Every structure is written in C-alpha cells, then in structure tokens.
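Here is the structure we will look at.
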Amino acid sequence: MIDATRYRRRRERLAGLMGRGLAVLSTAPERIRNRDAHYPFRFDSYFHYLCGFTEPEAVLVIVAGETTRSILFCRDKDLEREIWDGFRFGPDAAKAAFGLDEAYRIAELDQHLPQLLADQPTLFCDVGENGEWDGRLIQWLNAVRAQVRTGISAPGEIRDVRKLLDEMRLIKDEAELDTMRRAAIISARAHRRAMQATRPGRYEYEIEAELLHEFRAAGAQAPAYTPIVAGGANACVLHYVANDARLSESDLLLIDAGCELDGYASDITRTFPVQGRFLGPQREIYELVLAAQAAAIAQVQPGKLWQDPHDAAVRVLVQGFIDLGLCHGSVESVIESGDYRRFYMHRTGHWLGMDVHDCGDYKRDGQWRALEPGMVLTVEPGCYIRPGDGVPERFWNIGVRIEDDAVVTLKGCEIITAQAPKAIADIEALMRA
Ligand code: GLY
Ligand code: MN
Ligand code: MN
C-alpha cells in the first residue's frame, strides 16, 4: 500500500524550505550493461523520497509559492509495451495512487517545462548529477529566456535542491526507521546463514550466494552494494569484490554485505574463522577491533559530535597496536604521527539511509556536527595487516572489520543489526551448531 500522505508531507516541507520557485527532479536513467541487456533499474533516491514512484522515465516538478503543486511526468499507459515489460501506471493512475496534483506523459515534458519555469524566481535542481539532464534543464531555461520580450521573466537563480533534501533525509522518520530495522534484520540473518555455511574448501562466491539467497528470500529487492566476501589476505583489500578465492582452514573470512529493502540500505560487516575457532593472533586482533567498536558505540548519543565515535575507536586501536608491537611510542605520538593508518586507514562510519553512504553534511560551519535523534550511521572500525618490515609475522594477512548500524535515540543509540553475532563465543557457538 502506497502511503501517499507521507510523500505529500515531504513535498510540502520541501516547498516550505524553497519559499518560492520550481523544483525539477528526475529519477535515475536506465543504463545499458551490454548491447540489449540493462543494469537492474534503481530509482533516484531524492526523487523516490518525494513521491515513492519506482518506474524509470519519470520527472517530478514541485511548484512552491502561496500554494504547493506537485506534478509527475511519467511513461504513458501502453498495453502493447506492458505485454513485454509489465505494468506501468500511466499519468492518470499515478496521479491518484501517489497523491499528486497533476500528471502528464513524459513526452510532454519539453512542452510544459518552459511554461512552468516562466516567472519563477528560482530553479531548484540537481545540476551536475547527469550531463544530459543538465543540458535539458538549460534548454528549458533558454526557452523561457527567449520569451522575455513578451514580458515573461526567466529564473534568475539556480539552486541545488539536494542541499535542502539532504537535511530532510538525514533525520529519519518512524516509517523509515521501521524499514531500516527490517532491512537490518534480513541482513543479520544473511550473515548468520553465511557463518553456518562456511567451511574450509568452499569458495567465497558460494558464501556470497548464501547471502544473496537470504536477501531475496526475505523480499529484499537487491544488495545495497556489491558484497565483499574476503578470505585471508583478501580481507586486507578494502574494496575486494572478486569473491572468487577458495577458503582455507587457517583463514579469517570478512563479509561486508547488506540488503536494500524498499529503498533503504543496511550495511553489516562480520569477520570470523573459516574453521569455526579463532586462532591466537586472530583472536587478539578481533578482540581489539571489537573493543574499539564498543568504545565508538558508547559515543553514539545525541549531543556527541560526528567525530567522537571515530576518535574513541582510534584511541583503543592505537593502544592495542602499541601493546601488540605493531606501533611504537605513546598513544598521543602514534595518533599525532598517523602511524596507525598503516593498519586502520578508513573512517569509523558514515550516514546510512536510502543510499549506503547516505547524504548529509558531516560538518557545519567548519565544525563536526552533533548527533541528533533519528540520524542513522554505521560504526565500523577495522584492522588490516599486510606483510611488511617491522610487522610481526604472526599478524600478517589478518584483516578484521566489525560493522553495525546505529540509530541515534533520545538517550543513546539502538543497534539495529544486533542479531548478527559478533562476540567470539557467540560466533563460535553458531558455527559449531
Ligand atoms: N559497505 C560499504 C561500507 O561499509 O562503507
Ligand atoms: Mn559501511
Ligand atoms: Mn559495509
């Protein structure tokens, strides 16, 4: 059931922020993979956030002023094409189902847009996102400018609509949180399934298949990003996606995988031993990363700054690196010199939402921003040890990351991915079972 009211409320809120002007947002283009085969279509997140419409070839226009008017341009109803491609709403049904004020055929865009832009002070758009689309916006602006001698004025200002939408999307409402919790539960279940399916001699892609099975079987539309299933040394390649190596007895397996459900991403990383028991050095590094994650999670509270979880994780990791002989000196000096980045080279998290690396500024006026209830972020410290001079050999090729998704609440945070085990005893028990 489409909750048209929810989208209408968002459009009205955006219109309030715009003041007066016209917002024009296109959904994502369809992309060819090779010859007649397309990549799976995924709508544009901003567009979808404002109207919930999932078909390709659609444009949303919001007229802000004394009253708000929302207009959808979409593919025409076409019974012949529907035999090949399936159902499409067509403007009339889309208008009713999605609570829009007007809807027209996408083929009429060039005819309507110059009229809609006439006498508007500002065009709000996502200029720079897609060159072809930018060209069309410019054509429509020029079409209005060509009429100035008739007394029509063209927008004097172009503003980035994403600046307004990013702030709206950053704070999730209850319906969004509900979807994100469900996505997280499906992904956690997939990680449990992967742990139970892992054993020496299997291939990374076989474990990837277990994850994908669980995503789709639970109704998730797609992975939110290409899963990383990285055994042994592959775990030290941060964006490893080949997923084609054989798992050996002494390997750890790092899996970074999350599903997308109804437009919302989840993002979980777990690391566990292929044969079901953490060996000495693996255990030492794992316990360290887990402790760093706990320290970071303790900082996820309203009023704390974006940077606080990262700083907390780094302090714990650096102390551990010194204790294990990976870094030398005091905690302060290793942080100051950045020497720890040989083993921990990424940040501790990112916003999460419709996009896995979701929108929203991390700083405001040059300062890290404060966390607020309704924000969702990942907490994902790690440690990646490549063979190298001065690196104790027993740690070589160990790569560990532990990643959970946290909702900032009134008092602290809610870890919505908690159903994926991460305590050593829980992982070992699950793999034994
Ligand atoms: N899976 C992408 C990330 O963890 O940032
Ligand atoms: Mn992440
Ligand atoms: Mn991840």
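By order in the structure tokens, chains are A, B, ...; within a chain, residues start at 1; ligands start at 1, following the order shown.
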
What do you get as a PyMOL selection string if you pick all residues at most 10 Å from ligand 1, counting only C-alpha atoms and all ligand atoms? chain A and resi 224-228+238-239+255-258+265-269+346-352+356-358+378-381+401-404

In terms of the shortest atom-to-atom distance over only C-alpha atoms and all ligand atoms, which of A:Pro392, A:Gly276, A:Tyr240, A:Ala312 is closest to ligand 3?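 Comparing A:Pro392, A:Gly276, A:Tyr240, A:Ala312 against ligand 3, the winner is A:Tyr240.
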
Take CA of Thr179 in chain A and CA of Arg88 in chain A and report the distance between them in Å, one decimal.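 A separation of 24.6 Å between them.
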
Within 9 Å of range 98-115 of chain A, counting only C-alpha atoms, which residues show up once you throw out same-chain ones fewer than 3 positions away? Write them as a PyMOL selection string, please. chain A and resi 2-5+7-8+51-53+57-59+61+69-77+90-95+118-119+136-137+139-144

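Distance annotation: of A:Ile427, A:Leu50, A:Val376, A:Ala291, the residue with the minimal separation from ligand 2 is A:Val376; atom set is only C-alpha atoms and all ligand atoms.
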
How many Å lie between CA of Ser45 in chain A and CA of Asp355 in chain A, rounded to one decimal?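 Interatomic distance here is 7.2 Å.
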
List every residue of range 84-322 of chain A that DSSP, applied to the backbone, labels as helix (DSSP H, G or I), and write the result as JSON, numbers by chain. {"A": [84, 85, 90, 91, 92, 93, 94, 95, 96, 97, 106, 107, 108, 109, 110, 111, 112, 113, 114, 115, 116, 117, 131, 132, 133, 134, 135, 136, 137, 138, 139, 140, 141, 142, 143, 144, 145, 148, 149, 150, 161, 162, 163, 164, 165, 166, 167, 168, 169, 170, 174, 175, 176, 177, 178, 179, 180, 181, 182, 183, 184, 185, 186, 187, 188, 189, 190, 191, 192, 193, 194, 195, 196, 197, 204, 205, 206, 207, 208, 209, 210, 211, 212, 213, 214, 215, 216, 217, 232, 233, 234, 235, 236, 280, 281, 282, 283, 284, 285, 286, 287, 288, 289, 290, 291, 292, 293, 294, 295, 296, 297, 307, 308, 309, 310, 311, 312, 313, 314, 315, 316, 317, 318, 319, 320, 321, 322]}

Show which residues sit within 9 Å of Leu247 in chain A, as a VMD selection string. Count only C-alpha atoms, and ignore same-chain residues fewer than 3 positions away. chain A and resid 198 to 204 230 to 232 250 to 253 274

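Going from CA of Ala188 in chain A over to CA of Glu55 in chain A, you cover 29.3 Å.
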
Give me the residues within 9 Å of Thr67 in chain A as a PyMOL selection string, counting only C-alpha atoms and dropping any in the same chain fewer than 3 places off. chain A and resi 15+63-64

Could you please take those selected residues and save N, CA and C atoms as a PDB file, in the first residue's frame?
```pdb
ATOM      1  N   ALA A  15       8.731  22.365  -0.121  1.00  0.00           N
ATOM      2  CA  ALA A  15       8.228  23.625  -0.682  1.00  0.00           C
ATOM      3  C   ALA A  15       8.379  24.762   0.331  1.00  0.00           C
ATOM      4  N   VAL A  63       5.992  22.956  -7.473  1.00  0.00           N
ATOM      5  CA  VAL A  63       5.851  24.407  -7.583  1.00  0.00           C
ATOM      6  C   VAL A  63       5.614  24.934  -6.180  1.00  0.00           C
ATOM      7  N   ALA A  64       6.546  25.744  -5.695  1.00  0.00           N
ATOM      8  CA  ALA A  64       6.419  26.288  -4.340  1.00  0.00           C
ATOM      9  C   ALA A  64       6.055  27.754  -4.422  1.00  0.00           C
TER      10      ALA A  64
END
```

Out of A:Cys259, A:Cys413, A:Glu284, A:Arg341, which residue has the shortest atom-to-atom distance to ligand 3 when counting only C-alpha atoms and all ligand atoms?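 Ranked by minimum distance to ligand 3, first place goes to A:Cys259.
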
Step one, run DSSP on the backbone; step two, keep only residues of range 14-160 of chain A assigned to strand (DSSP E or B); then write them as a VMD selection string. chain A and resid 21 to 26 32 to 34 37 to 38 59 to 64 69 to 74 102 to 105 122 to 125 157 to 160

Long-range neighbours of Ile207 in chain A as a PDB file with C-alpha atoms, in the first residue's frame, 9 Å cut-off, only C-alpha atoms, 4 positions minimum in chain:
```
ATOM      1  CA  ARG A 193      23.477 -18.106   7.323  1.00  0.00           C
ATOM      2  CA  ALA A 194      26.901 -17.293   5.856  1.00  0.00           C
ATOM      3  CA  MET A 195      28.635 -18.232   9.118  1.00  0.00           C
ATOM      4  CA  ALA A 197      27.662 -22.286   5.523  1.00  0.00           C
ATOM      5  CA  THR A 198      31.376 -21.502   5.800  1.00  0.00           C
ATOM      6  CA  ARG A 202      34.365 -23.667  -0.064  1.00  0.00           C
ATOM      7  CA  TYR A 203      34.703 -20.663  -2.356  1.00  0.00           C
ATOM      8  CA  LEU A 211      23.862 -14.050   1.478  1.00  0.00           C
ATOM      9  CA  LEU A 212      22.019 -13.232  -1.735  1.00  0.00           C
ATOM     10  CA  VAL A 229      33.380 -11.820   0.792  1.00  0.00           C
ATOM     11  CA  ASN A 243      34.847 -13.090  -4.304  1.00  0.00           C
TER      12      ASN A 243
END
```

So, counting only C-alpha atoms, which residue among A:Gly338, A:Gly374, A:Gly280, A:Gly156 is closest to Val314 in chain A? A:Gly338
